[in-house]
Amino acid sequence: MKYTTLNSHLKEKVGCKVYKLAIDGGFTCPNRDGALDTRGCIFCSKGGSGEFAGNRNLSVTEQIEQGKRLVEKKIKDGKYIAYFQAFTNTYAPLSELREKYYQAINHPDIVALSIGTRPDCLGGEVLNLLDEINRIKPVFVELGLQTIHEKTAEYIRRGYPLSCYDTAVDNLHSIGINVVTHLIIGLPGESINDILESVSYVCKKTDGIKLQLLHILKGTDLEKEYNECKVKTLSLEEYVDIIKQCVDIIPKSVVVHRITGDGAKKDLVAPQWSADKKKVLNTLNNALK
């Protein structure tokens, strides 16, 4: 491989196959509860990008056990990462965060914690809690940056400036937290050069990177724009070409956690080719050999 995959990185660190179990912690987001906005980001689904997460009505422990059962045929004697995926997973009272994080790390099969959040939801008390937990089991914090370009950020209603991301990364690194940065490929109005500028920028700061195809999902404001022909999506060929260029500038020191992503088929409007996950991954992997 031309890049460092998460699978190879974890095998080296843990010594066995490691699976992520996606958890819904029952949180919300300042872009939805009125603190910043009530509409969410323009692309974000009603599930807060957590359609593949567990059932929020179950405890964290119950969701871990349920997730293990779903992959038990694929994994023997392996370990798991508890991935708090849906909405903003540091946006809650500290007591609630502590209780749910500790449920996860106290599970004997969980070797690390991964927390998806926003850079503007990492105050001092939260950082102290993450520092505390990171001393027990490794913590990854996944930041939804999506783009470094302020015009695009305003369009997608991200709700914070690039400087907020920079500060969050510095604060997390100061306490030894591993940072993973999410970027969306194919955002409206962005050229290939714009995308590569975002990749190049974050690779100077982040420990890991997730490259996500822009999906049009039902019920989002982006769907309205798409239906009005204001937005178009990438073809598979276009996406593969862009990913190849991105990978070429990602240093080996930055772990690539994802090179695509698939929306829930029941909610997917476009691009429909992305629903064939096996074909997409095979095409990407062959192109990147």
# chains A, B, ... in the order shown; residues from 1 in each chain; ligands from 1

call {"tool": "select_by_dssp", "arguments": {"residues": "stretch 94-248 of chain A", "states": "helix (DSSP H, G or I)", "output": "PyMOL selection string"}}
result
chain A and resi 94-105+119-121+124-134+150-155+162-174+192-203+221-227+236-248

call {"tool": "write_last_selection", "arguments": {"atoms": "C-alpha atoms", "output": "compact mmCIF listing (two decimals), in the first residue's frame"}}
result
# COMPACT_ATOMS: atom_id res chain seq x y z
CA LEU A 94 -19.37 16.24 32.28
CA SER A 95 -21.00 13.70 34.59
CA GLU A 96 -22.83 12.12 31.65
CA LEU A 97 -19.69 12.00 29.52
CA ARG A 98 -17.71 10.43 32.35
CA GLU A 99 -20.33 7.76 33.00
CA LYS A 100 -20.62 6.73 29.33
CA TYR A 101 -16.91 6.85 28.52
CA TYR A 102 -16.09 4.73 31.57
CA GLN A 103 -18.77 2.18 30.66
CA ALA A 104 -16.90 1.77 27.38
CA ILE A 105 -13.32 1.56 28.66
CA PRO A 119 -13.46 21.37 17.67
CA ASP A 120 -15.65 23.96 19.41
CA CYS A 121 -16.88 21.40 21.98
CA GLY A 124 -11.08 22.61 29.67
CA GLU A 125 -13.15 20.16 31.73
CA VAL A 126 -13.67 17.88 28.74
CA LEU A 127 -9.95 17.94 27.96
CA ASN A 128 -9.17 17.02 31.56
CA LEU A 129 -11.55 14.05 31.34
CA LEU A 130 -10.02 12.90 28.04
CA ASP A 131 -6.54 13.18 29.58
CA GLU A 132 -7.67 11.07 32.52
CA ILE A 133 -9.14 8.34 30.31
CA ASN A 134 -6.20 8.36 27.89
CA GLU A 150 -14.06 29.30 5.00
CA LYS A 151 -16.44 29.97 2.07
CA THR A 152 -17.34 26.27 1.90
CA ALA A 153 -17.53 26.04 5.70
CA GLU A 154 -20.07 28.86 5.72
CA TYR A 155 -22.09 27.18 2.97
CA LEU A 162 -10.47 27.07 10.91
CA SER A 163 -8.60 28.66 13.84
CA CYS A 164 -10.92 26.75 16.21
CA TYR A 165 -9.75 23.47 14.66
CA ASP A 166 -6.10 24.54 15.00
CA THR A 167 -6.59 25.32 18.69
CA ALA A 168 -8.40 22.05 19.35
CA VAL A 169 -5.62 20.01 17.72
CA ASP A 170 -2.96 21.83 19.74
CA ASN A 171 -4.91 21.29 22.98
CA LEU A 172 -5.46 17.59 22.28
CA HIS A 173 -1.83 17.01 21.35
CA SER A 174 -0.71 18.77 24.52
CA ILE A 192 -9.51 19.37 -6.87
CA ASN A 193 -6.91 21.93 -5.83
CA ASP A 194 -9.17 23.07 -2.97
CA ILE A 195 -9.47 19.46 -1.78
CA LEU A 196 -5.73 18.87 -1.99
CA GLU A 197 -5.10 22.08 -0.04
CA SER A 198 -7.33 20.76 2.76
CA VAL A 199 -5.52 17.40 2.77
CA SER A 200 -2.10 19.03 2.75
CA TYR A 201 -3.05 21.41 5.57
CA VAL A 202 -4.45 18.82 7.96
CA CYS A 203 -1.62 16.35 7.31
CA ASP A 221 -31.00 20.59 3.16
CA LEU A 222 -28.40 19.36 0.70
CA GLU A 223 -31.07 17.11 -0.83
CA LYS A 224 -33.17 20.19 -1.59
CA GLU A 225 -30.19 21.80 -3.32
CA TYR A 226 -29.57 18.61 -5.28
CA ASN A 227 -33.19 18.34 -6.39
CA LEU A 236 -16.86 6.78 -9.26
CA GLU A 237 -14.10 7.56 -11.80
CA GLU A 238 -13.83 11.16 -10.60
CA TYR A 239 -13.74 10.07 -6.97
CA VAL A 240 -11.04 7.46 -7.56
CA ASP A 241 -8.89 10.02 -9.39
CA ILE A 242 -9.21 12.51 -6.52
CA ILE A 243 -8.44 9.88 -3.87
CA LYS A 244 -5.30 8.84 -5.76
CA GLN A 245 -4.11 12.46 -5.73
CA CYS A 246 -4.93 12.79 -2.03
CA VAL A 247 -3.07 9.62 -1.08
CA ASP A 248 -0.02 10.81 -3.01

call {"tool": "residues_around", "arguments": {"residues": "A:Leu70", "least_positions_apart": "5", "cutoff": "12 Å", "atoms": "only C-alpha atoms", "output": "ChimeraX atom specification"}}
result
/A:19-22,52-54,63-65,75

call {"tool": "closest_residue", "arguments": {"among": "A:Thr220, A:Asn106, A:Asn285, A:Asn178", "to": "A:Leu268", "atoms": "only C-alpha atoms"}}
result
A:Thr220

call {"tool": "residues_around", "arguments": {"residues": "A:Gly186", "least_positions_apart": "6", "cutoff": "9 Å", "atoms": "only C-alpha atoms", "output": "list in words"}}
result
Ile192, Ile195, Gln212, Leu213, Leu214, His215, Lys232, Thr233, Leu234 and Tyr239 of chain A

call {"tool": "residues_around", "arguments": {"residues": "A:Gly78", "least_positions_apart": "3", "cutoff": "7 Å", "atoms": "only C-alpha atoms", "output": "mmCIF file with N, CA and C atoms, in the first residue's frame"}}
result
data_model
loop_
_atom_site.group_PDB
_atom_site.id
_atom_site.type_symbol
_atom_site.label_atom_id
_atom_site.label_comp_id
_atom_site.auth_asym_id
_atom_site.auth_seq_id
_atom_site.Cartn_x
_atom_site.Cartn_y
_atom_site.Cartn_z
ATOM 1 N N CYS A 16 -3.388 -7.770 17.159
ATOM 2 C CA CYS A 16 -4.457 -8.621 16.642
ATOM 3 C C CYS A 16 -5.440 -7.758 15.861
ATOM 4 N N LYS A 17 -6.406 -8.401 15.213
ATOM 5 C CA LYS A 17 -7.432 -7.685 14.482
ATOM 6 C C LYS A 17 -8.274 -6.867 15.444
ATOM 7 N N VAL A 18 -8.552 -5.612 15.073
ATOM 8 C CA VAL A 18 -9.345 -4.726 15.912
ATOM 9 C C VAL A 18 -10.522 -4.187 15.093
ATOM 10 N N ILE A 75 -14.619 -12.195 13.531
ATOM 11 C CA ILE A 75 -13.503 -11.957 14.443
ATOM 12 C C ILE A 75 -13.451 -13.031 15.522
#

call {"tool": "closest_residue", "arguments": {"among": "A:Leu187, A:Leu143, A:Leu281, A:Leu211", "to": "A:Lys230", "atoms": "only C-alpha atoms"}}
result
A:Leu187

call {"tool": "residues_around", "arguments": {"residues": "A:Leu6", "least_positions_apart": "4", "cutoff": "6 Å", "atoms": "only C-alpha atoms", "output": "mmCIF file with N, CA, C and O atoms, in the first residue's frame"}}
result
data_model
loop_
_atom_site.group_PDB
_atom_site.id
_atom_site.type_symbol
_atom_site.label_atom_id
_atom_site.label_comp_id
_atom_site.auth_asym_id
_atom_site.auth_seq_id
_atom_site.Cartn_x
_atom_site.Cartn_y
_atom_site.Cartn_z
ATOM 1 N N VAL A 255 -2.042 8.192 9.598
ATOM 2 C CA VAL A 255 -2.810 6.960 9.377
ATOM 3 C C VAL A 255 -4.105 7.289 8.629
ATOM 4 O O VAL A 255 -4.853 8.181 9.039
ATOM 5 N N VAL A 256 -4.356 6.560 7.557
ATOM 6 C CA VAL A 256 -5.582 6.756 6.786
ATOM 7 C C VAL A 256 -6.658 5.835 7.348
ATOM 8 O O VAL A 256 -6.614 4.624 7.174
ATOM 9 N N HIS A 257 -7.621 6.422 8.033
ATOM 10 C CA HIS A 257 -8.678 5.649 8.676
ATOM 11 C C HIS A 257 -9.783 5.272 7.698
ATOM 12 O O HIS A 257 -10.516 4.303 7.933
#

call {"tool": "closest_residue", "arguments": {"among": "A:Lys74, A:Arg118, A:Arg158, A:Lys278", "to": "A:Thr88", "atoms": "only C-alpha atoms"}}
result
A:Arg118

call {"tool": "select_by_dssp", "arguments": {"residues": "stretch 83-244 of chain A", "states": "strand (DSSP E or B)", "output": "PyMOL selection string"}}
result
chain A and resi 83-84+110-117+139-146+178-185+208-213+216-217

call {"tool": "residues_around", "arguments": {"residues": "A:Thr117", "least_positions_apart": "3", "cutoff": "10 Å", "atoms": "only C-alpha atoms", "output": "VMD selection string"}}
result
chain A and resid 29 84 to 91 114 120 to 122 141 to 145

call {"tool": "write_last_selection", "arguments": {"atoms": "N, CA and C atoms", "output": "PDB file, in the first residue's frame"}}
result
ATOM      1  N   CYS A  29     -26.194  18.164  19.347  1.00  0.00           N
ATOM      2  CA  CYS A  29     -25.152  18.980  18.716  1.00  0.00           C
ATOM      3  C   CYS A  29     -25.525  20.450  18.856  1.00  0.00           C
ATOM      4  N   PHE A  84     -17.797   6.368  19.686  1.00  0.00           N
ATOM      5  CA  PHE A  84     -18.948   7.245  19.900  1.00  0.00           C
ATOM      6  C   PHE A  84     -19.111   8.087  18.638  1.00  0.00           C
ATOM      7  N   GLN A  85     -20.117   7.713  17.827  1.00  0.00           N
ATOM      8  CA  GLN A  85     -20.193   8.214  16.457  1.00  0.00           C
ATOM      9  C   GLN A  85     -21.270   9.275  16.222  1.00  0.00           C
ATOM     10  N   ALA A  86     -22.474   9.067  16.730  1.00  0.00           N
ATOM     11  CA  ALA A  86     -23.606   9.898  16.350  1.00  0.00           C
ATOM     12  C   ALA A  86     -23.564  11.271  17.025  1.00  0.00           C
ATOM     13  N   PHE A  87     -23.794  12.313  16.234  1.00  0.00           N
ATOM     14  CA  PHE A  87     -23.837  13.694  16.709  1.00  0.00           C
ATOM     15  C   PHE A  87     -22.501  14.121  17.333  1.00  0.00           C
ATOM     16  N   THR A  88     -22.551  14.968  18.383  1.00  0.00           N
ATOM     17  CA  THR A  88     -21.328  15.547  18.962  1.00  0.00           C
ATOM     18  C   THR A  88     -21.086  14.931  20.330  1.00  0.00           C
ATOM     19  N   ASN A  89     -20.040  14.120  20.432  1.00  0.00           N
ATOM     20  CA  ASN A  89     -19.897  13.225  21.578  1.00  0.00           C
ATOM     21  C   ASN A  89     -19.076  13.766  22.739  1.00  0.00           C
ATOM     22  N   THR A  90     -18.815  15.072  22.719  1.00  0.00           N
ATOM     23  CA  THR A  90     -18.275  15.725  23.911  1.00  0.00           C
ATOM     24  C   THR A  90     -19.216  16.852  24.362  1.00  0.00           C
ATOM     25  N   TYR A  91     -20.419  16.853  23.807  1.00  0.00           N
ATOM     26  CA  TYR A  91     -21.383  17.928  24.051  1.00  0.00           C
ATOM     27  C   TYR A  91     -22.488  17.431  24.981  1.00  0.00           C
ATOM     28  N   SER A 114     -12.826   5.891  20.746  1.00  0.00           N
ATOM     29  CA  SER A 114     -12.785   6.869  19.655  1.00  0.00           C
ATOM     30  C   SER A 114     -14.015   7.755  19.783  1.00  0.00           C
ATOM     31  N   ASP A 120     -15.159  22.931  18.499  1.00  0.00           N
ATOM     32  CA  ASP A 120     -15.652  23.962  19.413  1.00  0.00           C
ATOM     33  C   ASP A 120     -16.360  23.361  20.634  1.00  0.00           C
ATOM     34  N   CYS A 121     -16.254  22.060  20.818  1.00  0.00           N
ATOM     35  CA  CYS A 121     -16.877  21.397  21.976  1.00  0.00           C
ATOM     36  C   CYS A 121     -15.832  20.648  22.797  1.00  0.00           C
ATOM     37  N   LEU A 122     -14.687  21.300  22.974  1.00  0.00           N
ATOM     38  CA  LEU A 122     -13.589  20.684  23.713  1.00  0.00           C
ATOM     39  C   LEU A 122     -13.039  21.670  24.747  1.00  0.00           C
ATOM     40  N   VAL A 141      -9.581  11.197  19.186  1.00  0.00           N
ATOM     41  CA  VAL A 141     -10.640  12.193  19.017  1.00  0.00           C
ATOM     42  C   VAL A 141     -10.759  12.514  17.536  1.00  0.00           C
ATOM     43  N   GLU A 142     -11.951  12.320  16.989  1.00  0.00           N
ATOM     44  CA  GLU A 142     -12.201  12.528  15.570  1.00  0.00           C
ATOM     45  C   GLU A 142     -12.921  13.862  15.373  1.00  0.00           C
ATOM     46  N   LEU A 143     -12.268  14.755  14.644  1.00  0.00           N
ATOM     47  CA  LEU A 143     -12.782  16.105  14.451  1.00  0.00           C
ATOM     48  C   LEU A 143     -13.389  16.264  13.066  1.00  0.00           C
ATOM     49  N   GLY A 144     -14.645  16.695  13.016  1.00  0.00           N
ATOM     50  CA  GLY A 144     -15.318  16.907  11.737  1.00  0.00           C
ATOM     51  C   GLY A 144     -14.996  18.258  11.145  1.00  0.00           C
ATOM     52  N   LEU A 145     -13.863  18.345  10.480  1.00  0.00           N
ATOM     53  CA  LEU A 145     -13.457  19.613   9.857  1.00  0.00           C
ATOM     54  C   LEU A 145     -14.120  19.795   8.495  1.00  0.00           C
TER      55      LEU A 145
END

call {"tool": "closest_residue", "arguments": {"among": "A:Thr206, A:Ser191, A:Ser253, A:Gln272", "to": "A:Lys2", "atoms": "only C-alpha atoms"}}
result
A:Ser253

call {"tool": "closest_residue", "arguments": {"among": "A:Pro30, A:Gly67, A:Pro188, A:Gly219", "to": "A:Ala92", "atoms": "only C-alpha atoms"}}
result
A:Pro30

call {"tool": "atom_distance", "arguments": {"atom1": "atom CA of A:Val60", "atom2": "atom CA of A:Val180"}}
result
22.2 Å
